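**Student:** Sharing a structure with you now.
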Amino acid sequence: MDTPGRIAATPDNLDFTVENVEKALHQLYYDPNIENKNLAQKWLMQAQVSPQAWQFCWSLLSPDKVPEIQYFGASALHTKISRYWSDIPTDQYESLKTQLFSQIACFSSGSKMVLTRLCVALASLALNTMPEAWPGAVSEMVRVFQEEGGGVDGRARCLALLELLTVLPEEFQTSRLPQYRKGQVRGALGQEWGSVCPLLQQLLQRTDSPGAVKARVLRCLSSWVLLDVPLSESESLVHDCFSALPDPELFDTAVEAIVNAISQPDSQRYVNTLLKLVPRVLALQEQLREAVQSGDMETCHGICRIAVTLGENHSRTLLEQVDHWQGFLALVNMVMFCTGIPGHYPVNETTSSLTLTFWYTLQDEIMSFETDKQAVYLQVYRPVYFQLVDVLLHKAQFPTDQEYESWSSDEKEQFRIYRVDISDTLMYVYEMLGAELLSNLYDKLGRLLTNTEQPTSWQHTEALLYGFQSIAETIDVNYSDVIPGLIGLIPRISINNVQLADTVMFTIGALAEWLADHPVMLSSVLPLVLQALGNPDLSVSSVSTLKKICRECKYDLPPYATNIVAVSQEVLIKQIHKTSQCMWLMQALGFLLSALPVEDILRNLHSLITPYIQQLEKLADETPNPSNKLAIIHILGLLSNLFTTLDISKQDDESADGSAPPVKTAPPPPGPNPVVVVLQQVFALIQTVLSKWLNDSQVVEAVCAIFEKSVKTLLHDFAPMVSQLSEMLGQMYSTIPQASALDLTRQMVHIFASETDHFPPIKALFELVTSVTLSIFQQGPRDHPDIVDSFMQLQAQALKRKPDLFLSESLDVKAVFHCGVLSLKFPEAPTVKSTCLFFTELIPKCSDVPPLARVMQEDGKLLMQAVLEGIGGGASRILMDQFAEVIFSLNKNCFSLLVVWLKEALQPPGFPSSRVTAAQKDNFSQQILRERVNKRRMKDIVKEFTLLCRGLHGTEYAAEY
């Protein structure tokens with residue numbers, strides 16, 4: 001080993017001798033140079049799969065080698081057997097088996113990691129030879145290791161046999177056996193359970209079996225039950241596992257074995273076995289209580305897993321055994337005990353979270369019975385679910401402030417997620433308990449807040465409100481008669497704590513739709529929200545609640561508008577909130593202003609926006625630098641978020657029931673839209689900003705976002721700005737092309753291309769950006785996949801909305817088509833997707849647009865070749881549906897041409913892949929030409945062919961496809 005560098009220096013040196021392998025291993029483990037390590041790793045991987053591996057692997061196992069070298073030898077053996085089985089001649093199976101048996105016997109007292117690899121190798125050999133070449137493989141393994149042999153002590157032999165029996169089912173689960181063999185081998189293994197079961201039982205029940213042996217037996221059982229061993233056949237062993245639970249050394253493995261056995265899908269067929277397990281689980285309650293008292297979290301966790309697994313997997317079966325209803329109810333109560341286990345999750349306990357899905361499952365099963373049966377179950381289980389609500393709300397309570405401060409940020413985050421899970425569970429439970437649940441919560445909250453004798457902890461109040469909020473957030477509570485009372489109680493809560501204040505905010509937010517139907521109640525909660533806006537700690541909850549209220553109740557807010565705008569302006573100027581909350585706040589104000597008369601909108605907009613416009617003017621004069629860039633993007637973001645929601649046109653569709661004041665149903669006022677008025681005022685300023693920052697894609701994006709959001713919201717009201725925005729976009733894109741400008745152009749084409757008045761500026765813009773992009777293609781578009789993607793989307797939109805754009809003399813249709821063909825070969829999947837969309841829009845338009853028909857006739861074959869190249873392996877498999885759509889469109893619209901193109905394109909040998917034969921190509925093209933109606937079938941044909949082209953047909957990859 002004195003020259004470990006030699007192997008790495010010549011990674012192509014394929015002289016796979018024992019000495020070289022040892023040198024490479026030395027290099028892999030001990031050479032400090034990472035490059036040498038990597039070269040050694042590569043070389044060793046080649047060595048492992050080389051024909052010489054059969055020679056060197058046995059030498060590497062010799063007793064004088066170090067374990068790392070022996071391990072590599074054993075791994076090489078496993079690789080050869082599991083992956084290159086077909087290379088092994090049939091007449092060598094027997095000697096290979098004998099050699100492996102003797103090596104396992106040798107290593108049974110040696111290195112554990114080498115022993116395991118050898119066992120895995122023998123397991124792989126067994127799986128490849130069962131049941132024909134090696135019938136009764138497992139019983140032979142048991143016999144060989146039970147015979148007195150070669151001076152190896154009995155205990156070591158026993159452990160080696162158990163290791164072999166444990167890895168056998170594991171190797172089966174991960175093996176690459178073809179599907180039909182898997183079925184055969186699974187059947188053969190199932191029959192072999194008869195040899196394994198008595199051995200495991202005997203070892204578990206013997207009082208003199210060492211702990212290490214029993215632990216290995218339990219692991220072995222875990223492994224076998226995953227093969228769907230019938231629960232009736234492992235029943236007595238599962239009972240032995242219960243007997244092992246009091247032994248701390250065996251506890252974890254026993255739990256694992258029990259859980260695996262009773263969660264097998266097939267186990268619900270064995271009703272009697274399951275019924276016998278219920279008392280065994282109930283008998284664990286004493287051990288569970290002791291574990292809770294002594295703070296032994298692991299034991300609590302394990303016992304809870306067993307109870308939950310039995311209940312969750314078999315609740316229907318056990319519910320149906322009506323004669324045993326008390327046993328099942330006792331099991332449900334045991335799970336309830338686990339849900340309510342003392343302590344705060346995740347700091348003093350981690351068990352309660354395991355139980356939540358059980359409550360979903362049980363409820364689903366109860367609600368799925370027919371009505372009369374369901375009524376009987378509800379009588380028993382409704383009280384249980386009311387108790388569950390109390391338990392969950394108790395578990396959702398925050399600890400004392402002092403304790404909470406001592407938690408790590410990770411613990412706080414886990415607790416937050418746990419509360420979300422509780423919230424989801426409560427929302428679900430509402431389906432069973434209905435309105436009575438809300439009344440129940442309301443009574444408790446009322447008693448808490450009106451009880452003057454005992455001071456209430458804020459935690460208790462917060463948890464009850466949290467329960468309300470969980471339900472109100474997703475369920476329509478508009479018909480609940482307790483909400484007015486709740487809204488009346490909220491102002492009585494003395495809020496002296498951030499968590500409580502947050503929950504009060506979120507509860508008000510969850511009731512926003514209710515408030516829209518009962519606007520008289522706004523006056524009691526709105527002041528709380530506006531007050532909270534000024535507290536940075538309540539940023540997310542207060543801003544999102546205000547946004548919900550402004551969205552849902554905007555027509556009832558005009559009396560409060562001045563106040564809301566003033567408070568919002570103040571917090572924006574003081575910079576209390578982070579960027580994303582500032583954006584939400586602007587959206588809230590957009591909703592609010594939408595409902596005001598136009599002159600009020602303009603007045604409020606003026607006072608709201610003026611400080612930012614002044615700031616922007618100042619920033620536009622400065623020399624560009626990173627900090628003023630952030631400020632510019634922030635201001636542009638505030639404007640675009642405001643314009644996203646400021647929409648005066650929807651006033652007539654909000655109240656179809658006619659209950660609203662007549663102002664709501666009035667048509668939008670005449671005159672320009674307020675957003676357009678503001679945009680026209682700041683247009684010159686935005687152009688100045690742009691001229692300074694044209695090189696910066698983020699600033700350009702922020703500018704485009706303002707107009708894009710405005711166009712989307714205003715639609716045709718944006719008309720007065722079309723020509724000046726088209727001109728500005730054209731100048732921007734000609735100077736420095738960026739994807740965001742193309743996306744905005746696409747929006748403009750979408751809305752205005754079919755309007756006669758606006759067609760000229762849109763046409764000019766479309767032609768300009770097209771010619772600029774074509775020149776990018778000439779210079780090499782590979783560096784701009786985003787521009788190519790947006791360009792293809794723009795072209796597709798133009799074809800969809802206004803194919804006349806392609807009649808223009810100034811538009812080089814042929815060049816656009818060729819760019820599409822080129823874009824199909826891009827490695828970025830989104831770009832290829834957009835390009836396929838372009839072609840699926842283009843192909844049907846050929847009949848109406850002569851320039852498109854011409855280019856299709858002349859160059860359609862190039863398109864076909866590019867699509868076939870992608871299918872042949874040039875493109876990601878996730879794109880096959882899109883390619884199939886292009887072919888389907890060609891088939892429907894250009895059939896006679898497609899017949900010729902397909903024949904010519906598939907002619908060259910090796911295209912689109914060297915893996916497909918001429919016959920397979922011929923079959924593919926016939927299938928395609930036959931399929932003109934069913935798009936789904938076309939997609940299947942393409943997927944089938946791409947798998948053949950990639951050599952994946954019939955593999956496990958194909959199965960996932």
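Labels for the structure tokens follow display order: chains A, B, ..., residues from 1 in each chain, ligands from 1.
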Skipping near chain neighbours, those fewer than 5 positions away, what residues fall within 9 Å of Lys578 of chain A using only C-alpha atoms, listed as a list in words?

**Tutor:**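 That gives Pro536, Ser539 and Met583 of chain A.
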
**Student:** For Met130 of chain A, work out the shell of residues within 10 Å, counting only C-alpha atoms and skipping chain neighbours fewer than 4 positions away, then give it as a list in words.

**Tutor:**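 The contact residues come out as Leu125, Ala126, Trp134, Pro135, Gly136, Ala137, Val138, Arg181, Gln184, Val185, Arg186, Gly187, Ala188 and Leu189 of chain A.
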
**Student:** One decimal, Å: what's the distance from atom CA of Asn563 of chain A over to atom CA of Ile632 of chain A, could you say?

**Tutor:**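 Interatomic distance here is 27.6 Å.
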
**Student:** Excluding segment 311-320 of chain A and its own-chain neighbours fewer than 6 positions away, which residues fall within 7 Å of it when counting only C-alpha atoms? Please give them as a ChimeraX atom specification.

**Tutor:** /A:263,268,328,358,361-362,365

**Student:** Which residue gives the smallest distance to Leu799 of chain A among A:Asp859, A:Asp848, A:Glu68, A:Glu755, with only C-alpha atoms counted?

**Tutor:** A:Asp848

**Student:** Go through A:Ala702, A:Leu605, A:Ser914, A:Arg551 one by one, measure the shortest atom-to-atom distance of each to Gln569 of chain A using only C-alpha atoms, and give the residue with the smallest value.

**Tutor:**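 With only C-alpha atoms as the atom set, the closest residue is A:Leu605.
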
**Student:** Go through A:Pro346, A:Pro761, A:Pro672, A:Pro558 and flag the residue nearest Gln414 of chain A, using only C-alpha atoms for the distances.

**Tutor:**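 Selected residue with least distance to Gln414 of chain A: A:Pro346.
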